[in-house]
>>> print(open('run18.pdb').read())   # PDB, C-alpha atoms, pLDDT in the B column
ATOM      1  CA  MET A   1     102.024  97.113  93.471  1.00 52.00           C
ATOM      2  CA  ALA A   2     105.012  99.155  92.562  1.00 54.00           C
ATOM      3  CA  ARG A   3     103.874 102.428  94.110  1.00 53.00           C
ATOM      4  CA  THR A   4     103.818 105.292  91.617  1.00 43.00           C
ATOM      5  CA  LYS A   5     102.179 108.682  91.627  1.00 37.00           C
ATOM      6  CA  ASN A   6     100.940 108.476  88.007  1.00 36.00           C
ATOM      7  CA  THR A   7      98.246 105.923  88.737  1.00 37.00           C
ATOM      8  CA  MET A   8      95.900 105.459  85.798  1.00 33.00           C
ATOM      9  CA  SER A   9      92.167 105.461  86.455  1.00 38.00           C
ATOM     10  CA  GLN A  10      90.853 101.978  85.801  1.00 43.00           C
ATOM     11  CA  PRO A  11      87.656 101.014  83.958  1.00 43.00           C
ATOM     12  CA  GLU A  12      84.616 100.049  85.945  1.00 43.00           C
ATOM     13  CA  ILE A  13      82.644  96.822  85.702  1.00 42.00           C
ATOM     14  CA  VAL A  14      78.881  96.472  86.002  1.00 40.00           C
ATOM     15  CA  ASP A  15      78.024  93.921  88.701  1.00 42.00           C
ATOM     16  CA  ARG A  16      75.233  91.640  87.468  1.00 38.00           C
ATOM     17  CA  HIS A  17      75.058  89.742  90.767  1.00 42.00           C
ATOM     18  CA  GLU A  18      72.165  90.783  92.984  1.00 41.00           C
ATOM     19  CA  ASP A  19      72.729  91.636  96.634  1.00 40.00           C
ATOM     20  CA  SER A  20      69.602  91.592  98.758  1.00 35.00           C
ATOM     21  CA  ARG A  21      71.268  93.808 101.344  1.00 33.00           C
ATOM     22  CA  SER A  22      71.454  96.759  98.994  1.00 32.00           C
ATOM     23  CA  PRO A  23      68.361  98.805  97.920  1.00 33.00           C
ATOM     24  CA  THR A  24      70.090  99.821  94.677  1.00 31.00           C
ATOM     25  CA  PRO A  25      71.717  97.782  91.878  1.00 32.00           C
ATOM     26  CA  ARG A  26      75.259  96.749  92.713  1.00 33.00           C
ATOM     27  CA  SER A  27      78.173  97.986  90.607  1.00 35.00           C
ATOM     28  CA  THR A  28      81.905  98.235  91.007  1.00 38.00           C
ATOM     29  CA  ALA A  29      84.999 100.296  90.301  1.00 40.00           C
ATOM     30  CA  VAL A  30      88.489  98.957  90.668  1.00 41.00           C
ATOM     31  CA  ALA A  31      89.947 102.259  91.807  1.00 42.00           C
ATOM     32  CA  PRO A  32      91.814 102.360  95.190  1.00 43.00           C
ATOM     33  CA  HIS A  33      89.834 103.054  98.347  1.00 43.00           C
ATOM     34  CA  ASN A  34      90.412 104.173 101.917  1.00 43.00           C
ATOM     35  CA  PRO A  35      90.693 101.130 104.249  1.00 41.00           C
ATOM     36  CA  ALA A  36      88.315 100.698 107.178  1.00 40.00           C
ATOM     37  CA  THR A  37      89.594 101.332 110.696  1.00 36.00           C
ATOM     38  CA  ASP A  38      87.785  98.457 112.418  1.00 39.00           C
ATOM     39  CA  VAL A  39      90.389  96.327 114.203  1.00 36.00           C
ATOM     40  CA  GLN A  40      88.103  93.389 114.985  1.00 40.00           C
ATOM     41  CA  GLU A  41      88.129  90.113 113.098  1.00 42.00           C
ATOM     42  CA  PRO A  42      85.767  90.508 110.120  1.00 41.00           C
ATOM     43  CA  ASN A  43      82.305  88.965 110.093  1.00 45.00           C
ATOM     44  CA  LEU A  44      82.068  87.553 106.580  1.00 40.00           C
ATOM     45  CA  ALA A  45      78.273  87.650 106.643  1.00 38.00           C
ATOM     46  CA  THR A  46      78.195  91.437 107.113  1.00 41.00           C
ATOM     47  CA  MET A  47      81.670  92.443 105.977  1.00 45.00           C
ATOM     48  CA  PRO A  48      81.337  95.509 103.701  1.00 47.00           C
ATOM     49  CA  SER A  49      82.939  95.782 100.311  1.00 49.00           C
ATOM     50  CA  THR A  50      86.305  97.518 100.170  1.00 51.00           C
ATOM     51  CA  ALA A  51      85.830  99.046  96.715  1.00 47.00           C
ATOM     52  CA  PRO A  52      83.667 102.012  95.607  1.00 38.00           C
ATOM     53  CA  SER A  53      80.749 101.651  93.197  1.00 35.00           C
ATOM     54  CA  ALA A  54      79.869 103.274  89.870  1.00 34.00           C
ATOM     55  CA  PRO A  55      78.194 101.942  86.705  1.00 32.00           C
ATOM     56  CA  ALA A  56      80.095 101.253  83.474  1.00 40.00           C
ATOM     57  CA  PRO A  57      79.929  98.736  80.601  1.00 47.00           C
ATOM     58  CA  THR A  58      82.048  95.570  80.516  1.00 56.00           C
ATOM     59  CA  SER A  59      83.165  96.701  77.048  1.00 65.00           C
ATOM     60  CA  SER A  60      85.652  98.939  78.881  1.00 85.00           C
ATOM     61  CA  VAL A  61      87.818  95.814  79.381  1.00 91.00           C
ATOM     62  CA  LYS A  62      90.167  94.286  76.804  1.00 92.00           C
ATOM     63  CA  TRP A  63      91.351  90.726  77.501  1.00 94.00           C
ATOM     64  CA  VAL A  64      94.939  90.021  76.405  1.00 93.00           C
ATOM     65  CA  ASP A  65      96.462  86.537  76.205  1.00 93.00           C
ATOM     66  CA  ASN A  66      99.750  85.742  77.950  1.00 93.00           C
ATOM     67  CA  ASN A  67     100.825  82.079  77.637  1.00 90.00           C
ATOM     68  CA  GLY A  68      97.256  80.824  77.644  1.00 90.00           C
ATOM     69  CA  VAL A  69      96.073  83.075  80.463  1.00 94.00           C
ATOM     70  CA  LYS A  70      93.871  86.103  79.778  1.00 95.00           C
ATOM     71  CA  TYR A  71      94.689  89.373  81.552  1.00 96.00           C
ATOM     72  CA  PRO A  72      92.233  92.324  81.714  1.00 95.00           C
ATOM     73  CA  PHE A  73      93.425  95.678  80.391  1.00 93.00           C
ATOM     74  CA  PRO A  74      91.614  98.996  79.914  1.00 89.00           C
ATOM     75  CA  ALA A  75      89.982  98.919  76.483  1.00 83.00           C
ATOM     76  CA  ASP A  76      90.499 102.652  75.972  1.00 73.00           C
ATOM     77  CA  GLY A  77      94.199 103.448  75.673  1.00 59.00           C
ATOM     78  CA  GLY A  78      93.581 107.164  75.197  1.00 56.00           C
ATOM     79  CA  ALA A  79      95.088 107.993  78.574  1.00 56.00           C
ATOM     80  CA  TYR A  80      98.450 106.565  77.513  1.00 53.00           C
ATOM     81  CA  ASP A  81     101.191 108.287  75.583  1.00 56.00           C
ATOM     82  CA  GLY A  82     102.773 106.484  72.656  1.00 58.00           C
ATOM     83  CA  ASP A  83     105.754 105.260  74.714  1.00 63.00           C
ATOM     84  CA  ASP A  84     103.747 104.153  77.761  1.00 67.00           C
ATOM     85  CA  VAL A  85     103.328 100.517  78.754  1.00 76.00           C
ATOM     86  CA  PHE A  86      99.797  99.299  79.420  1.00 82.00           C
ATOM     87  CA  ASN A  87      99.137  98.074  82.963  1.00 89.00           C
ATOM     88  CA  PRO A  88      96.510  95.417  83.728  1.00 93.00           C
ATOM     89  CA  ILE A  89      93.403  96.229  85.723  1.00 94.00           C
ATOM     90  CA  GLN A  90      94.040  95.871  89.427  1.00 95.00           C
ATOM     91  CA  PHE A  91      91.651  95.355  92.336  1.00 96.00           C
ATOM     92  CA  ASN A  92      92.148  96.301  95.983  1.00 96.00           C
ATOM     93  CA  ALA A  93      90.588  94.407  98.881  1.00 97.00           C
ATOM     94  CA  THR A  94      91.040  94.598 102.647  1.00 97.00           C
ATOM     95  CA  GLY A  95      91.072  91.570 104.921  1.00 98.00           C
ATOM     96  CA  ILE A  96      92.808  89.509 107.592  1.00 97.00           C
ATOM     97  CA  VAL A  97      95.714  87.281 106.525  1.00 98.00           C
ATOM     98  CA  SER A  98      95.245  83.555 107.124  1.00 97.00           C
ATOM     99  CA  THR A  99      98.309  82.244 105.220  1.00 97.00           C
ATOM    100  CA  ALA A 100     101.435  83.959 103.908  1.00 97.00           C
ATOM    101  CA  PHE A 101     104.303  82.477 101.882  1.00 97.00           C
ATOM    102  CA  LEU A 102     106.204  85.528 100.684  1.00 97.00           C
ATOM    103  CA  ASN A 103     109.820  84.670 101.521  1.00 95.00           C
ATOM    104  CA  ALA A 104     112.585  83.714  99.079  1.00 95.00           C
ATOM    105  CA  GLY A 105     112.527  80.146  97.820  1.00 93.00           C
ATOM    106  CA  ALA A 106     108.753  79.709  97.977  1.00 93.00           C
ATOM    107  CA  LEU A 107     107.197  77.600  95.215  1.00 94.00           C
ATOM    108  CA  SER A 108     104.888  80.559  94.709  1.00 96.00           C
ATOM    109  CA  HIS A 109     104.542  83.819  96.606  1.00 98.00           C
ATOM    110  CA  THR A 110     101.104  83.181  98.064  1.00 98.00           C
ATOM    111  CA  LEU A 111      98.794  85.180 100.311  1.00 98.00           C
ATOM    112  CA  LYS A 112      95.395  84.077 101.611  1.00 98.00           C
ATOM    113  CA  PHE A 113      93.092  86.593 103.271  1.00 98.00           C
ATOM    114  CA  THR A 114      89.440  87.119 104.170  1.00 98.00           C
ATOM    115  CA  ILE A 115      87.474  88.896 101.456  1.00 97.00           C
ATOM    116  CA  ALA A 116      84.041  90.549 101.413  1.00 97.00           C
ATOM    117  CA  ARG A 117      81.216  88.948  99.454  1.00 96.00           C
ATOM    118  CA  GLU A 118      80.752  92.078  97.367  1.00 96.00           C
ATOM    119  CA  ASP A 119      84.416  91.967  96.315  1.00 97.00           C
ATOM    120  CA  ILE A 120      84.005  88.333  95.274  1.00 97.00           C
ATOM    121  CA  GLN A 121      80.983  89.311  93.175  1.00 96.00           C
ATOM    122  CA  ARG A 122      82.926  92.117  91.505  1.00 96.00           C
ATOM    123  CA  ILE A 123      85.731  89.750  90.570  1.00 97.00           C
ATOM    124  CA  LYS A 124      83.229  87.242  89.189  1.00 96.00           C
ATOM    125  CA  THR A 125      81.555  89.967  87.142  1.00 95.00           C
ATOM    126  CA  LEU A 126      84.894  90.899  85.574  1.00 96.00           C
ATOM    127  CA  ILE A 127      85.842  87.279  84.842  1.00 96.00           C
ATOM    128  CA  GLU A 128      82.452  86.563  83.265  1.00 95.00           C
ATOM    129  CA  SER A 129      83.291  89.204  80.637  1.00 94.00           C
ATOM    130  CA  SER A 130      86.338  87.195  79.517  1.00 94.00           C
ATOM    131  CA  PRO A 131      86.029  85.330  76.192  1.00 91.00           C
ATOM    132  CA  ASP A 132      87.597  82.298  77.925  1.00 90.00           C
ATOM    133  CA  TYR A 133      84.935  82.090  80.634  1.00 92.00           C
ATOM    134  CA  ARG A 134      82.555  79.117  80.431  1.00 88.00           C
ATOM    135  CA  ALA A 135      79.915  78.786  83.135  1.00 88.00           C
ATOM    136  CA  SER A 136      80.431  75.435  84.848  1.00 86.00           C
ATOM    137  CA  ASP A 137      80.236  73.842  88.288  1.00 86.00           C
ATOM    138  CA  GLN A 138      83.853  72.787  87.735  1.00 85.00           C
ATOM    139  CA  PHE A 139      85.103  76.299  86.969  1.00 91.00           C
ATOM    140  CA  LYS A 140      87.853  77.000  89.510  1.00 93.00           C
ATOM    141  CA  TRP A 141      87.389  80.130  91.607  1.00 96.00           C
ATOM    142  CA  PRO A 142      90.109  81.351  94.022  1.00 97.00           C
ATOM    143  CA  PHE A 143      87.707  81.623  96.957  1.00 97.00           C
ATOM    144  CA  VAL A 144      86.937  79.064  99.675  1.00 96.00           C
ATOM    145  CA  ASP A 145      84.691  79.906 102.639  1.00 96.00           C
ATOM    146  CA  GLY A 146      85.239  83.638 102.301  1.00 97.00           C
ATOM    147  CA  VAL A 147      89.036  83.376 101.949  1.00 98.00           C
ATOM    148  CA  ALA A 148      90.756  84.487  98.738  1.00 98.00           C
ATOM    149  CA  THR A 149      94.034  83.079  97.431  1.00 98.00           C
ATOM    150  CA  THR A 150      96.435  85.363  95.571  1.00 98.00           C
ATOM    151  CA  SER A 151      99.791  84.298  94.154  1.00 97.00           C
ATOM    152  CA  ASN A 152     102.759  85.525  92.149  1.00 97.00           C
ATOM    153  CA  LYS A 153     105.503  83.370  90.595  1.00 95.00           C
ATOM    154  CA  ASP A 154     107.763  86.193  89.448  1.00 94.00           C
ATOM    155  CA  ASN A 155     111.305  86.209  90.883  1.00 93.00           C
ATOM    156  CA  LEU A 156     110.855  83.402  93.433  1.00 95.00           C
ATOM    157  CA  LEU A 157     114.561  83.461  94.339  1.00 95.00           C
ATOM    158  CA  SER A 158     113.854  86.668  96.283  1.00 96.00           C
ATOM    159  CA  ALA A 159     111.241  87.556  98.846  1.00 97.00           C
ATOM    160  CA  PHE A 160     108.120  89.258  97.515  1.00 97.00           C
ATOM    161  CA  GLU A 161     109.181  92.859  96.992  1.00 95.00           C
ATOM    162  CA  HIS A 162     105.985  94.883  97.003  1.00 96.00           C
ATOM    163  CA  VAL A 163     105.162  94.985 100.723  1.00 97.00           C
ATOM    164  CA  TYR A 164     104.414  98.378 102.270  1.00 97.00           C
ATOM    165  CA  ASP A 165     103.721  99.909 105.679  1.00 96.00           C
ATOM    166  CA  GLY A 166     100.351 101.670 105.659  1.00 95.00           C
ATOM    167  CA  ARG A 167      99.774 101.898 109.416  1.00 93.00           C
ATOM    168  CA  ASN A 168     100.478 105.620 109.648  1.00 90.00           C
ATOM    169  CA  LYS A 169      99.664 106.750 106.100  1.00 88.00           C
ATOM    170  CA  THR A 170      96.760 106.818 103.735  1.00 89.00           C
ATOM    171  CA  ILE A 171      97.034 104.363 100.858  1.00 87.00           C
ATOM    172  CA  GLU A 172      97.421 107.192  98.349  1.00 89.00           C
ATOM    173  CA  ASP A 173     100.510 108.550 100.156  1.00 91.00           C
ATOM    174  CA  ILE A 174     102.451 105.272 100.321  1.00 92.00           C
ATOM    175  CA  ASP A 175     105.636 105.144  98.236  1.00 90.00           C
ATOM    176  CA  GLU A 176     108.945 103.276  98.035  1.00 91.00           C
ATOM    177  CA  GLU A 177     110.089 104.767 101.356  1.00 92.00           C
ATOM    178  CA  ASP A 178     107.429 102.677 103.079  1.00 94.00           C
ATOM    179  CA  LEU A 179     108.700  99.267 101.938  1.00 95.00           C
ATOM    180  CA  LEU A 180     108.643  96.466 104.518  1.00 95.00           C
ATOM    181  CA  PRO A 181     110.351  93.055 104.602  1.00 95.00           C
ATOM    182  CA  ALA A 182     108.009  90.284 103.466  1.00 96.00           C
ATOM    183  CA  HIS A 183     108.133  88.457 106.807  1.00 94.00           C
ATOM    184  CA  ARG A 184     106.129  91.286 108.410  1.00 95.00           C
ATOM    185  CA  ILE A 185     103.051  89.914 106.654  1.00 97.00           C
ATOM    186  CA  ARG A 186     101.930  87.030 108.860  1.00 96.00           C
ATOM    187  CA  PRO A 187      98.620  85.357 109.795  1.00 96.00           C
ATOM    188  CA  GLY A 188      96.366  87.633 111.830  1.00 96.00           C
ATOM    189  CA  VAL A 189      97.466  91.007 110.466  1.00 97.00           C
ATOM    190  CA  LYS A 190      95.095  93.295 108.581  1.00 97.00           C
ATOM    191  CA  VAL A 191      96.197  94.173 105.063  1.00 97.00           C
ATOM    192  CA  GLU A 192      95.113  95.758 101.839  1.00 97.00           C
ATOM    193  CA  VAL A 193      95.903  93.467  98.925  1.00 98.00           C
ATOM    194  CA  GLU A 194      96.335  94.572  95.329  1.00 97.00           C
ATOM    195  CA  PHE A 195      95.828  91.936  92.635  1.00 98.00           C
ATOM    196  CA  THR A 196      94.826  91.333  89.024  1.00 97.00           C
ATOM    197  CA  PRO A 197      92.111  88.736  88.276  1.00 97.00           C
ATOM    198  CA  THR A 198      93.049  86.465  85.353  1.00 97.00           C
ATOM    199  CA  CYS A 199      91.167  83.753  83.467  1.00 96.00           C
ATOM    200  CA  TRP A 200      92.095  80.597  81.575  1.00 91.00           C
ATOM    201  CA  ALA A 201      90.011  78.599  79.118  1.00 88.00           C
ATOM    202  CA  PRO A 202      88.650  75.039  79.532  1.00 83.00           C
ATOM    203  CA  LYS A 203      90.994  72.242  78.443  1.00 77.00           C
ATOM    204  CA  LYS A 204      90.061  68.660  77.579  1.00 66.00           C
ATOM    205  CA  LEU A 205      91.866  65.390  76.955  1.00 61.00           C
ATOM    206  CA  LYS A 206      91.352  63.491  73.709  1.00 57.00           C
ATOM    207  CA  ASP A 207      88.512  61.445  75.227  1.00 64.00           C
ATOM    208  CA  GLY A 208      86.645  64.647  76.061  1.00 59.00           C
ATOM    209  CA  ILE A 209      87.271  64.502  79.809  1.00 61.00           C
ATOM    210  CA  HIS A 210      88.486  67.660  81.518  1.00 54.00           C
ATOM    211  CA  THR A 211      92.034  67.657  82.864  1.00 58.00           C
ATOM    212  CA  LYS A 212      92.646  68.869  86.433  1.00 59.00           C
ATOM    213  CA  PHE A 213      91.163  72.371  86.585  1.00 55.00           C
ATOM    214  CA  GLY A 214      90.459  71.803  82.897  1.00 68.00           C
ATOM    215  CA  ALA A 215      87.017  73.373  83.104  1.00 76.00           C
ATOM    216  CA  GLY A 216      88.721  76.750  83.172  1.00 89.00           C
ATOM    217  CA  GLY A 217      89.269  79.021  86.085  1.00 93.00           C
ATOM    218  CA  CYS A 218      90.222  82.314  87.634  1.00 96.00           C
ATOM    219  CA  SER A 219      93.346  83.195  89.565  1.00 96.00           C
ATOM    220  CA  LEU A 220      94.350  86.373  91.378  1.00 98.00           C
ATOM    221  CA  LYS A 221      97.874  87.560  90.575  1.00 98.00           C
ATOM    222  CA  LEU A 222      99.338  89.203  93.658  1.00 98.00           C
ATOM    223  CA  MET A 223     100.653  92.688  92.895  1.00 97.00           C
ATOM    224  CA  GLY A 224     101.225  94.186  96.330  1.00 97.00           C
ATOM    225  CA  VAL A 225     100.428  94.120 100.039  1.00 97.00           C
ATOM    226  CA  VAL A 226      99.971  97.029 102.449  1.00 97.00           C
ATOM    227  CA  LEU A 227     100.143  96.347 106.187  1.00 97.00           C
ATOM    228  CA  LEU A 228      97.278  98.207 107.876  1.00 96.00           C
ATOM    229  CA  GLU A 229      97.259  96.803 111.410  1.00 94.00           C
ATOM    230  CA  ASP A 230      99.723  94.499 113.139  1.00 90.00           C
ATOM    231  CA  LYS A 231      98.331  91.944 115.573  1.00 77.00           C
ATOM    232  CA  TYR A 232     101.526  91.190 117.475  1.00 72.00           C
ATOM    233  CA  HIS A 233     104.278  93.453 118.866  1.00 68.00           C
ATOM    234  CA  PHE A 234     107.641  91.788 119.365  1.00 64.00           C
ATOM    235  CA  GLU A 235     109.464  94.748 120.899  1.00 61.00           C
ATOM    236  CA  SER A 236     109.449  95.187 124.675  1.00 62.00           C
ATOM    237  CA  PRO A 237     107.041  97.825 126.060  1.00 61.00           C
ATOM    238  CA  ARG A 238     110.055  99.651 127.572  1.00 57.00           C
ATOM    239  CA  LYS A 239     111.732  99.938 124.151  1.00 53.00           C
ATOM    240  CA  LYS A 240     108.505 101.087 122.541  1.00 51.00           C
ATOM    241  CA  ARG A 241     108.121 103.851 125.148  1.00 51.00           C
ATOM    242  CA  LYS A 242     111.663 105.084 124.451  1.00 50.00           C
ATOM    243  CA  VAL A 243     111.041 105.136 120.729  1.00 47.00           C
ATOM    244  CA  THR A 244     107.791 107.062 121.040  1.00 46.00           C
TER     245      THR A 244
END
>>> encode(input="run18.pdb", output="structure tokens")
Amino acid sequence: MARTKNTMSQPEIVDRHEDSRSPTPRSTAVAPHNPATDVQEPNLATMPSTAPSAPAPTSSVKWVDNNGVKYPFPADGGAYDGDDVFNPIQFNATGIVSTAFLNAGALSHTLKFTIAREDIQRIKTLIESSPDYRASDQFKWPFVDGVATTSNKDNLLSAFEHVYDGRNKTIEDIDEEDLLPAHRIRPGVKVEVEFTPTCWAPKKLKDGIHTKFGAGGCSLKLMGVVLLEDKYHFESPRKKRKVT
């Protein structure tokens, strides 16, 4: 998430998954949201979605191939000038970190965090609109027991760069002045994660048997992390009182 002020409004995806807890049809928008202030560990059974809702057709998404992986882009490029570069659709979700490998030298900058059921359904709705999606029990989803896995393999020689301090600011006001070192994101902290869902097609060997993850799958490319609440304080109380 390179923080910029000229954020483009993203297309919205109709959610075809039913949710018995809601009296109205579920739908989703991938626009940013204001994080919740609850500091308790989330209850995945009742954890609310972290994204707003509004209806829109899946035709608002254009899937673009990059080395065999499909990325979702806004289908309508009218909001861009001729010299602008198209940005992929990005989702935001709030949760508690369970695993973080964001330092330099990692095989992949990886973050695992708790995610609401509604956010999982929204991601699935987007992926199901991809031309590479094939419904299958072997299709690989990046969710296990309510925990999502996001990763980024860009510039692994350095620590993950897009980590921000959102403890005293709204998400919309965060900019490059609020950058944090990657090691501040550790298990137990509450974060808002920005990511792009991607999809790859099924692959088979010559004998017709799927290779590992060959039934196709979805991955979440990590774009940025905002620290919302820190669980541990390593400074002495005396030093904290002097600072404040």
>>> closest_residue(input="run18.pdb", among="A:Ala201, A:Met223, A:Ile120, A:Val189", to="A:Asp154", atoms="all atoms listed in the file")
A:Met223
>>> closest_residue(input="run18.pdb", among="A:Phe195, A:Leu220, A:Leu227, A:Ser108", to="A:Leu179", atoms="all atoms listed in the file")
A:Leu227
>>> residues_around(input="run18.pdb", residues="A:Glu194", least_positions_apart="2", cutoff="6 Å", atoms="only C-alpha atoms", output="count of residues only")
4
>>> resolve_selection(input="run18.pdb", expression="the PyMOL selection byres ((chain A and resi 136) around 10)", output="JSON, numbers by chain")
{"A": [133, 134, 135, 137, 138, 139, 140, 202, 215, 216, 217]}
>>> axis_aligned_box(input="run18.pdb", around="stretch 106-116 of chain A", padding_each_side="5 Å", output="lines of an AutoDock Vina configuration file")
center_x = 96.4
center_y = 84.1
center_z = 99.4
size_x = 34.7
size_y = 22.9
size_z = 19.5
>>> resolve_selection(input="run18.pdb", expression="the PyMOL selection byres ((chain A and resi 156) around 8)", output="VMD selection string")
chain A and resid 104 to 109 153 to 155 157 to 160
>>> atom_distance(input="run18.pdb", atom1="atom CA of A:Ser130", atom2="atom CA of A:Gln90")
15.3 Å
>>> closest_residue(input="run18.pdb", among="A:Val163, A:Leu228, A:Trp141, A:Ile96", to="A:Glu128", atoms="all atoms listed in the file")
A:Trp141
>>> decode(input="run18.pdb", residues="stretch 164-226 of chain A", atoms="C-alpha atoms", output="PDB file, in the first residue's frame")
ATOM      1  CA  TYR A 164       2.311   2.162   8.644  1.00  0.00           C
ATOM      2  CA  ASP A 165       1.332   3.421  12.093  1.00  0.00           C
ATOM      3  CA  GLY A 166      -2.433   3.919  12.281  1.00  0.00           C
ATOM      4  CA  ARG A 167      -2.836   4.001  16.067  1.00  0.00           C
ATOM      5  CA  ASN A 168      -3.441   7.742  16.268  1.00  0.00           C
ATOM      6  CA  LYS A 169      -4.796   8.463  12.780  1.00  0.00           C
ATOM      7  CA  THR A 170      -7.677   7.489  10.594  1.00  0.00           C
ATOM      8  CA  ILE A 171      -6.742   5.227   7.697  1.00  0.00           C
ATOM      9  CA  GLU A 172      -7.495   7.973   5.178  1.00  0.00           C
ATOM     10  CA  ASP A 173      -4.961  10.340   6.802  1.00  0.00           C
ATOM     11  CA  ILE A 174      -2.007   7.929   6.839  1.00  0.00           C
ATOM     12  CA  ASP A 175       0.903   8.865   4.566  1.00  0.00           C
ATOM     13  CA  GLU A 176       4.635   8.242   4.162  1.00  0.00           C
ATOM     14  CA  GLU A 177       5.386  10.092   7.413  1.00  0.00           C
ATOM     15  CA  ASP A 178       3.708   7.247   9.285  1.00  0.00           C
ATOM     16  CA  LEU A 179       6.005   4.460   8.059  1.00  0.00           C
ATOM     17  CA  LEU A 180       7.062   1.855  10.628  1.00  0.00           C
ATOM     18  CA  PRO A 181       9.838  -0.762  10.598  1.00  0.00           C
ATOM     19  CA  ALA A 182       8.529  -4.187   9.596  1.00  0.00           C
ATOM     20  CA  HIS A 183       9.465  -5.803  12.917  1.00  0.00           C
ATOM     21  CA  ARG A 184       6.706  -3.804  14.646  1.00  0.00           C
ATOM     22  CA  ILE A 185       4.191  -6.179  13.073  1.00  0.00           C
ATOM     23  CA  ARG A 186       4.257  -9.234  15.334  1.00  0.00           C
ATOM     24  CA  PRO A 187       1.782 -11.924  16.460  1.00  0.00           C
ATOM     25  CA  GLY A 188      -0.995 -10.523  18.633  1.00  0.00           C
ATOM     26  CA  VAL A 189      -1.201  -7.001  17.218  1.00  0.00           C
ATOM     27  CA  LYS A 190      -4.317  -5.697  15.486  1.00  0.00           C
ATOM     28  CA  VAL A 191      -3.788  -4.556  11.910  1.00  0.00           C
ATOM     29  CA  GLU A 192      -5.533  -3.496   8.762  1.00  0.00           C
ATOM     30  CA  VAL A 193      -4.173  -5.428   5.799  1.00  0.00           C
ATOM     31  CA  GLU A 194      -4.355  -4.304   2.187  1.00  0.00           C
ATOM     32  CA  PHE A 195      -4.079  -7.001  -0.480  1.00  0.00           C
ATOM     33  CA  THR A 196      -5.019  -7.974  -4.027  1.00  0.00           C
ATOM     34  CA  PRO A 197      -6.715 -11.357  -4.620  1.00  0.00           C
ATOM     35  CA  THR A 198      -5.225 -13.219  -7.601  1.00  0.00           C
ATOM     36  CA  CYS A 199      -6.166 -16.445  -9.379  1.00  0.00           C
ATOM     37  CA  TRP A 200      -4.321 -19.124 -11.335  1.00  0.00           C
ATOM     38  CA  ALA A 201      -5.730 -21.758 -13.669  1.00  0.00           C
ATOM     39  CA  PRO A 202      -5.760 -25.561 -13.186  1.00  0.00           C
ATOM     40  CA  LYS A 203      -2.665 -27.404 -14.423  1.00  0.00           C
ATOM     41  CA  LYS A 204      -2.360 -31.102 -15.241  1.00  0.00           C
ATOM     42  CA  LEU A 205       0.420 -33.566 -15.983  1.00  0.00           C
ATOM     43  CA  LYS A 206       0.403 -35.582 -19.199  1.00  0.00           C
ATOM     44  CA  ASP A 207      -1.469 -38.451 -17.520  1.00  0.00           C
ATOM     45  CA  GLY A 208      -4.271 -36.070 -16.565  1.00  0.00           C
ATOM     46  CA  ILE A 209      -3.419 -35.926 -12.861  1.00  0.00           C
ATOM     47  CA  HIS A 210      -3.266 -32.513 -11.218  1.00  0.00           C
ATOM     48  CA  THR A 211       0.138 -31.276 -10.087  1.00  0.00           C
ATOM     49  CA  LYS A 212       0.501 -29.865  -6.557  1.00  0.00           C
ATOM     50  CA  PHE A 213      -2.083 -27.082  -6.305  1.00  0.00           C
ATOM     51  CA  GLY A 214      -2.760 -27.922  -9.946  1.00  0.00           C
ATOM     52  CA  ALA A 215      -6.514 -27.623  -9.528  1.00  0.00           C
ATOM     53  CA  GLY A 216      -6.072 -23.866  -9.551  1.00  0.00           C
ATOM     54  CA  GLY A 217      -6.170 -21.494  -6.669  1.00  0.00           C
ATOM     55  CA  CYS A 218      -6.319 -18.048  -5.168  1.00  0.00           C
ATOM     56  CA  SER A 219      -3.582 -16.116  -3.425  1.00  0.00           C
ATOM     57  CA  LEU A 220      -3.627 -12.755  -1.665  1.00  0.00           C
ATOM     58  CA  LYS A 221      -0.777 -10.446  -2.674  1.00  0.00           C
ATOM     59  CA  LEU A 222       0.208  -8.347   0.321  1.00  0.00           C
ATOM     60  CA  MET A 223       0.201  -4.636  -0.508  1.00  0.00           C
ATOM     61  CA  GLY A 224       0.420  -2.973   2.892  1.00  0.00           C
ATOM     62  CA  VAL A 225      -0.091  -3.243   6.642  1.00  0.00           C
ATOM     63  CA  VAL A 226      -1.380  -0.626   9.084  1.00  0.00           C
TER      64      VAL A 226
END
